[in-house]
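Undergrad: Have a peek at protein_26.cif (mmCIF, C-alpha atoms).
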```cif
data_input
#
loop_
_atom_site.group_PDB
_atom_site.id
_atom_site.type_symbol
_atom_site.label_atom_id
_atom_site.label_comp_id
_atom_site.auth_asym_id
_atom_site.auth_seq_id
_atom_site.Cartn_x
_atom_site.Cartn_y
_atom_site.Cartn_z
ATOM 1 C CA MET C 1 0.000 0.000 0.000
ATOM 2 C CA THR C 2 1.460 3.377 -1.054
ATOM 3 C CA PRO C 3 1.587 6.022 1.682
ATOM 4 C CA SER C 4 -0.548 9.090 1.143
ATOM 5 C CA PRO C 5 1.373 12.143 -0.109
ATOM 6 C CA SER C 6 -0.666 14.374 2.210
ATOM 7 C CA VAL C 7 0.973 15.730 5.353
ATOM 8 C CA ASP C 8 0.131 13.655 8.423
ATOM 9 C CA PRO C 9 0.090 15.823 11.584
ATOM 10 C CA ALA C 10 0.700 12.752 13.748
ATOM 11 C CA ILE C 11 4.114 12.280 12.119
ATOM 12 C CA PHE C 12 5.136 15.845 12.941
ATOM 13 C CA ALA C 13 3.940 15.400 16.533
ATOM 14 C CA HIS C 14 6.129 12.294 16.774
ATOM 15 C CA VAL C 15 9.145 14.119 15.310
ATOM 16 C CA ARG C 16 8.548 17.168 17.498
ATOM 17 C CA THR C 17 8.693 14.961 20.588
ATOM 18 C CA ALA C 18 12.158 13.710 19.652
ATOM 19 C CA ILE C 19 13.334 17.274 18.961
ATOM 20 C CA SER C 20 11.856 18.522 22.256
ATOM 21 C CA ILE C 21 13.971 16.048 24.223
ATOM 22 C CA ILE C 22 17.178 17.375 22.658
ATOM 23 C CA VAL C 23 16.062 21.005 23.024
ATOM 24 C CA GLY C 24 15.204 20.362 26.674
ATOM 25 C CA LEU C 25 18.658 18.882 27.315
ATOM 26 C CA SER C 26 20.274 21.912 25.643
ATOM 27 C CA ILE C 27 18.326 24.457 27.696
ATOM 28 C CA GLY C 28 18.925 22.406 30.837
ATOM 29 C CA ARG C 29 22.679 22.415 30.223
ATOM 30 C CA LEU C 30 22.789 26.189 29.806
ATOM 31 C CA LEU C 31 20.553 26.950 32.780
ATOM 32 C CA THR C 32 22.456 24.524 35.019
ATOM 33 C CA GLY C 33 25.715 26.172 33.972
ATOM 34 C CA LEU C 34 24.352 29.635 34.745
ATOM 35 C CA ALA C 35 22.975 28.421 38.085
ATOM 36 C CA ARG C 36 26.477 27.265 39.089
ATOM 37 C CA PHE C 37 27.644 30.885 38.965
ATOM 38 C CA VAL C 38 25.047 31.671 41.628
ATOM 39 C CA GLN C 39 25.586 28.491 43.656
ATOM 40 C CA HIS C 40 29.405 28.692 43.650
ATOM 41 C CA PRO C 41 30.362 32.307 42.813
ATOM 42 C CA GLY C 42 34.004 31.864 43.745
ATOM 43 C CA GLN C 43 34.580 28.514 42.064
ATOM 44 C CA HIS C 44 35.166 29.770 38.508
ATOM 45 C CA LYS C 45 35.748 33.298 37.315
ATOM 46 C CA VAL C 46 32.971 34.528 35.023
ATOM 47 C CA TYR C 47 34.078 35.659 31.565
ATOM 48 C CA GLY C 48 31.879 38.247 29.847
ATOM 49 C CA VAL C 49 32.343 36.898 26.321
ATOM 50 C CA HIS C 50 31.434 33.382 27.446
ATOM 51 C CA LEU C 51 28.396 34.700 29.310
ATOM 52 C CA VAL C 52 27.108 36.607 26.268
ATOM 53 C CA TRP C 53 27.523 33.554 24.030
ATOM 54 C CA THR C 54 25.632 31.544 26.645
ATOM 55 C CA PHE C 55 22.645 33.883 26.345
ATOM 56 C CA PHE C 56 23.038 33.826 22.544
ATOM 57 C CA MET C 57 22.839 30.029 22.536
ATOM 58 C CA LEU C 58 19.877 30.075 24.904
ATOM 59 C CA LEU C 59 18.037 32.300 22.431
ATOM 60 C CA GLN C 60 19.151 30.144 19.492
ATOM 61 C CA VAL C 61 17.765 26.991 21.095
ATOM 62 C CA ILE C 62 14.500 28.716 22.000
ATOM 63 C CA TYR C 63 14.194 30.116 18.455
ATOM 64 C CA PHE C 64 14.999 26.735 16.966
ATOM 65 C CA TRP C 65 12.069 25.212 18.842
ATOM 66 C CA TRP C 66 9.839 28.076 17.668
ATOM 67 C CA TRP C 67 10.763 28.109 13.993
ATOM 68 C CA GLU C 68 10.678 24.315 13.626
ATOM 69 C CA PHE C 69 6.894 24.619 13.843
ATOM 70 C CA HIS C 70 7.035 25.496 10.140
ATOM 71 C CA LEU C 71 8.023 21.869 9.505
ATOM 72 C CA SER C 72 4.452 20.902 10.361
ATOM 73 C CA ALA C 73 3.521 21.470 6.706
ATOM 74 C CA VAL C 74 6.408 19.406 5.328
ATOM 75 C CA GLN C 75 6.087 15.910 3.885
ATOM 76 C CA TRP C 76 8.307 13.918 6.265
ATOM 77 C CA THR C 77 10.892 11.399 5.149
ATOM 78 C CA PHE C 78 13.381 9.469 7.242
ATOM 79 C CA PRO C 79 16.376 11.446 5.849
ATOM 80 C CA LEU C 80 14.651 14.731 6.778
ATOM 81 C CA TYR C 81 13.912 13.364 10.243
ATOM 82 C CA CYS C 82 17.583 12.357 10.688
ATOM 83 C CA PHE C 83 18.700 15.782 9.479
ATOM 84 C CA VAL C 84 16.480 17.671 11.946
ATOM 85 C CA VAL C 85 17.572 15.450 14.853
ATOM 86 C CA LEU C 86 21.222 16.007 13.876
ATOM 87 C CA TYR C 87 20.607 19.757 13.630
ATOM 88 C CA ALA C 88 19.048 19.821 17.106
ATOM 89 C CA SER C 89 21.918 17.693 18.432
ATOM 90 C CA LEU C 90 24.408 20.246 17.140
ATOM 91 C CA PHE C 91 22.808 22.840 19.424
ATOM 92 C CA PHE C 92 23.181 20.468 22.357
ATOM 93 C CA PHE C 93 26.840 19.923 21.541
ATOM 94 C CA MET C 94 27.492 23.694 21.424
ATOM 95 C CA CYS C 95 25.753 24.053 24.801
ATOM 96 C CA THR C 96 28.010 21.387 26.313
ATOM 97 C CA LEU C 97 31.017 23.208 24.867
ATOM 98 C CA LEU C 98 29.978 26.315 26.786
ATOM 99 C CA PHE C 99 29.630 24.381 30.063
ATOM 100 C CA PRO C 100 31.971 21.385 30.282
ATOM 101 C CA ASP C 101 31.652 18.663 32.909
ATOM 102 C CA ALA C 102 34.877 19.755 34.626
ATOM 103 C CA MET C 103 37.112 22.845 34.616
ATOM 104 C CA ASN C 104 40.092 21.413 36.506
ATOM 105 C CA GLU C 105 42.597 21.994 33.719
ATOM 106 C CA TYR C 106 41.604 25.633 33.121
ATOM 107 C CA LYS C 107 42.145 28.863 35.052
ATOM 108 C CA GLY C 108 38.605 30.022 34.450
ATOM 109 C CA PHE C 109 36.025 30.490 31.717
ATOM 110 C CA ALA C 110 38.203 32.987 29.813
ATOM 111 C CA ASP C 111 40.960 30.400 29.518
ATOM 112 C CA TYR C 112 38.480 27.639 28.732
ATOM 113 C CA PHE C 113 36.462 29.553 26.124
ATOM 114 C CA MET C 114 39.501 30.810 24.242
ATOM 115 C CA SER C 115 41.017 27.322 24.197
ATOM 116 C CA ARG C 116 37.783 25.893 22.769
ATOM 117 C CA ARG C 117 36.826 28.785 20.474
ATOM 118 C CA LYS C 118 37.811 26.871 17.310
ATOM 119 C CA TRP C 119 35.360 24.117 18.201
ATOM 120 C CA PHE C 120 32.579 26.493 19.241
ATOM 121 C CA PHE C 121 32.783 28.773 16.216
ATOM 122 C CA GLY C 122 33.408 25.833 13.896
ATOM 123 C CA PHE C 123 30.166 24.245 15.062
ATOM 124 C CA LEU C 124 28.430 27.621 14.838
ATOM 125 C CA ILE C 125 29.421 27.785 11.157
ATOM 126 C CA VAL C 126 28.066 24.270 10.616
ATOM 127 C CA ALA C 127 24.835 25.250 12.411
ATOM 128 C CA PHE C 128 24.262 28.190 10.070
ATOM 129 C CA LEU C 129 24.989 26.018 7.025
ATOM 130 C CA MET C 130 22.489 23.464 8.339
ATOM 131 C CA ASP C 131 20.026 26.290 8.860
ATOM 132 C CA ILE C 132 20.104 26.919 5.112
ATOM 133 C CA VAL C 133 19.088 23.311 4.420
ATOM 134 C CA ASP C 134 16.460 23.483 7.162
ATOM 135 C CA THR C 135 15.038 26.724 5.752
ATOM 136 C CA LEU C 136 14.924 25.413 2.190
ATOM 137 C CA SER C 137 13.098 22.281 3.378
ATOM 138 C CA LYS C 138 10.262 24.488 4.660
ATOM 139 C CA GLY C 139 9.443 25.721 1.168
ATOM 140 C CA GLU C 140 9.709 28.814 -0.995
ATOM 141 C CA ALA C 141 7.003 30.736 0.876
ATOM 142 C CA TYR C 142 8.923 30.437 4.141
ATOM 143 C CA LEU C 143 12.184 31.470 2.456
ATOM 144 C CA ALA C 144 10.456 34.496 0.910
ATOM 145 C CA LEU C 145 9.156 35.461 4.346
ATOM 146 C CA LEU C 146 12.741 35.774 5.610
ATOM 147 C CA GLY C 147 13.740 38.140 2.794
ATOM 148 C CA PRO C 148 17.237 38.897 1.477
ATOM 149 C CA GLU C 149 18.358 39.786 5.013
ATOM 150 C CA TYR C 150 18.428 36.067 5.755
ATOM 151 C CA TRP C 151 21.308 35.453 3.343
ATOM 152 C CA LEU C 152 23.207 38.522 4.575
ATOM 153 C CA ARG C 153 22.785 37.344 8.174
ATOM 154 C CA ILE C 154 24.115 33.860 7.376
ATOM 155 C CA ALA C 155 27.089 35.253 5.406
ATOM 156 C CA LEU C 156 28.020 37.675 8.209
ATOM 157 C CA TYR C 157 27.842 35.018 10.915
ATOM 158 C CA ILE C 158 29.996 32.625 8.931
ATOM 159 C CA ALA C 159 32.575 35.304 8.038
ATOM 160 C CA LEU C 160 32.800 36.607 11.612
ATOM 161 C CA SER C 161 32.988 33.063 13.002
ATOM 162 C CA VAL C 162 35.963 32.357 10.721
ATOM 163 C CA ILE C 163 37.659 35.459 12.131
ATOM 164 C CA ALA C 164 36.733 34.396 15.690
ATOM 165 C CA ILE C 165 38.426 31.027 15.133
ATOM 166 C CA ARG C 166 41.663 32.816 14.267
ATOM 167 C CA SER C 167 41.501 35.828 16.590
ATOM 168 C CA THR C 168 42.464 35.974 20.269
ATOM 169 C CA SER C 169 41.519 39.649 20.604
ATOM 170 C CA PRO C 170 39.249 40.151 23.637
ATOM 171 C CA ARG C 171 37.817 43.297 22.043
ATOM 172 C CA PHE C 172 36.840 41.485 18.832
ATOM 173 C CA HIS C 173 35.292 38.580 20.725
ATOM 174 C CA MET C 174 33.244 40.841 22.992
ATOM 175 C CA THR C 175 32.100 42.987 20.052
ATOM 176 C CA PHE C 176 31.099 39.904 18.057
ATOM 177 C CA ALA C 177 29.289 38.318 21.012
ATOM 178 C CA VAL C 178 27.301 41.431 21.953
ATOM 179 C CA GLY C 179 26.568 42.258 18.301
ATOM 180 C CA ALA C 180 25.350 38.693 17.675
ATOM 181 C CA LEU C 181 23.096 38.737 20.744
ATOM 182 C CA VAL C 182 21.549 42.108 19.833
ATOM 183 C CA ALA C 183 21.140 41.027 16.185
ATOM 184 C CA GLU C 184 19.375 37.804 17.193
ATOM 185 C CA ILE C 185 16.973 39.648 19.464
ATOM 186 C CA GLY C 186 16.191 42.075 16.635
ATOM 187 C CA TRP C 187 15.826 39.247 14.112
ATOM 188 C CA ALA C 188 13.412 37.369 16.362
ATOM 189 C CA VAL C 189 11.313 40.426 17.165
ATOM 190 C CA SER C 190 10.974 41.301 13.471
ATOM 191 C CA LEU C 191 10.095 37.787 12.255
ATOM 192 C CA TYR C 192 8.945 35.423 14.952
ATOM 193 C CA ASP C 193 6.177 37.302 16.735
ATOM 194 C CA THR C 194 3.652 34.777 15.428
ATOM 195 C CA LEU C 195 3.783 31.258 13.993
ATOM 196 C CA GLN C 196 2.120 32.322 10.721
#
```
Can you turn what I pasted into structure tokens?
TA:
Amino acid sequence: MTPSPSVDPAIFAHVRTAISIIVGLSIGRLLTGLARFVQHPGQHKVYGVHLVWTFFMLLQVIYFWWWEFHLSAVQWTFPLYCFVVLYASLFFFMCTLLFPDAMNEYKGFADYFMSRRKWFFGFLIVAFLMDIVDTLSKGEAYLALLGPEYWLRIALYIALSVIAIRSTSPRFHMTFAVGALVAEIGWAVSLYDTLQ
């Protein structure tokens, strides 16, 4: 019997459950890491750049959960399901990079973040490339909704992440982090006020 080409909402509900588990783990990792700063304020020195990227990732994970609703109108296949789970897992991995299990070999979060910046920004580049595939899978109408700013945003993030991989300048890293956080808040406010 050939499956119906129509979109089955039960399939999306099933997929969304799997994604929600990974999203929940990601948010939990970030919030637990932030809570440690309150629980043990003297244990590890807070680093501003790391803290801003933590809030950036928290927003990214929340946005990811929000904008994946547009996949409710997509005809699901197993490869698409695997892709979306992998995409969500990438967010979790970046969250664990921000808050490792142990900090014994580092002087603080400044030392840790700078030593792991190549991994973090490398995965951030991959996440934005995966976002292109994710966006295209939602159809032309969704892509048109994002406008040409979408492509400019992706290009800027990738270019600046490449620089961040190479640069050890505290000023550049703080400027990039704050700029990215402000840009994401603006992007979300302009586009994601409703699920339409």
Undergrad: Measuring atom to atom with only C-alpha atoms, identify which of C:Tyr112, C:Phe78, C:Trp53, C:Phe83 is nearest to Leu124 in chain C.
TA: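 Among the listed residues, C:Trp53 lies closest to Leu124 in chain C.
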Undergrad: Quick one: of C:Phe12, C:Phe56, C:Phe109, C:Tyr47, who's nearest to Ala177 in chain C, counting all atoms listed in the file?
TA: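 Looking at the shortest contact to Ala177 in chain C, the residue is C:Phe56.
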Undergrad: Return as a PyMOL selection string the set of residues that the PyMOL selection byres ((chain C and resi 154-158) around 9) yields on the displayed structure.
TA: chain C and resi 121+124-126+128-129+131-132+149-153+159-163+180
Undergrad: Would you mind telling me which residue in C:Arg16, C:Leu30, C:Arg36, C:Gln43 lies nearest to Tyr106 in chain C when using all atoms listed in the file?
TA: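 Of C:Arg16, C:Leu30, C:Arg36, C:Gln43, the one nearest Tyr106 in chain C, counting all atoms listed in the file, is C:Gln43.
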Undergrad: Between CA of Thr32 in chain C and CA of Phe113 in chain C, what is the distance, to one decimal in Å?
TA: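 One can read the CA of Thr32 in chain C to CA of Phe113 in chain C distance as 17.3 Å.
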Undergrad: C:Pro170, C:Ser115, C:Leu97, C:His14: which is nearest Thr54 in chain C, counting all atoms listed in the file?
TA: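 Ranked by minimum distance to Thr54 in chain C, first place goes to C:Leu97.
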Undergrad: I'd like to know which of C:Thr17, C:Ser137, C:Ser26, C:Gln60 is closest to Trp76 in chain C, using all atoms listed in the file.
TA: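 Smallest separation from Trp76 in chain C among the options: C:Ser137.
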Undergrad: Using all atoms listed in the file, find the one residue out of C:Gly147, C:Gly28, C:Gly186, C:Gly179 that sits nearest to Phe92 in chain C.
TA: C:Gly28
Undergrad: Might you pull out every residue within 8 Å of Val23 in chain C, with all atoms listed in the file counted and same-chain residues fewer than 6 positions away left off, and present them as a list of chain:residue names?
TA: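 What passes the distance filter is C:Val61, C:Ile62, C:Trp65, C:Ala88, C:Phe91, C:Phe92.
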Undergrad: With a distance cut-off of 10 Å and all atoms listed in the file, select the neighbouring residues of Ser89 in chain C, excluding the residue or stretch itself and same-chain residues fewer than 3 positions from it, and output the selection as a list in words.
TA: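 The neighbour list is Ile19, Ile21, Ile22, Val23, Leu25, Ser26, Phe83, Val84, Val85, Leu86, Phe92, Phe93, Met94 and Cys95 of chain C.
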Undergrad: Suppose a student applies the PyMOL selection byres ((chain C and resi 46) around 8) to this structure; what residues should they get, written as a list in words?
TA: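 What the PyMOL selection byres ((chain C and resi 46) around 8) grabs from the file is Phe37, His44, Lys45, Tyr47, Gly48, His50, Leu51, Gly108, Phe109 and Ala110 of chain C.
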Undergrad: Any chance you can output those residues with C-alpha atoms as a PDB file, in the frame of the given file?
TA:
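After the write, out_20.pdb holds the following:
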```
ATOM      1  CA  PHE C  37      27.644  30.885  38.965  1.00  0.00           C
ATOM      2  CA  HIS C  44      35.166  29.770  38.508  1.00  0.00           C
ATOM      3  CA  LYS C  45      35.748  33.298  37.315  1.00  0.00           C
ATOM      4  CA  TYR C  47      34.078  35.659  31.565  1.00  0.00           C
ATOM      5  CA  GLY C  48      31.879  38.247  29.847  1.00  0.00           C
ATOM      6  CA  HIS C  50      31.434  33.382  27.446  1.00  0.00           C
ATOM      7  CA  LEU C  51      28.396  34.700  29.310  1.00  0.00           C
ATOM      8  CA  GLY C 108      38.605  30.022  34.450  1.00  0.00           C
ATOM      9  CA  PHE C 109      36.025  30.490  31.717  1.00  0.00           C
ATOM     10  CA  ALA C 110      38.203  32.987  29.813  1.00  0.00           C
TER      11      ALA C 110
END
```
Undergrad: Between CA of Ser167 in chain C and CA of Phe99 in chain C, measure the distance and give it in Å to one decimal.
TA: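 So the answer is 21.3 Å.
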Undergrad: Just so the selection is clear, what residues does the PyMOL selection byres ((chain C and resi 68) around 10) cover here, as a list in words?
TA: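 In the shown coordinates, the PyMOL selection byres ((chain C and resi 68) around 10) covers Arg16, Ile19, Tyr63, Phe64, Trp65, Trp66, Trp67, Phe69, His70, Leu71, Ser72, Val84, Asp134, Thr135, Lys138 and Leu195 of chain C.
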Undergrad: Quick check, in Å to one decimal: how far apart do CA of Ala183 in chain C and CA of Tyr87 in chain C lie?
TA: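 Between these atoms lies a distance of 21.4 Å.
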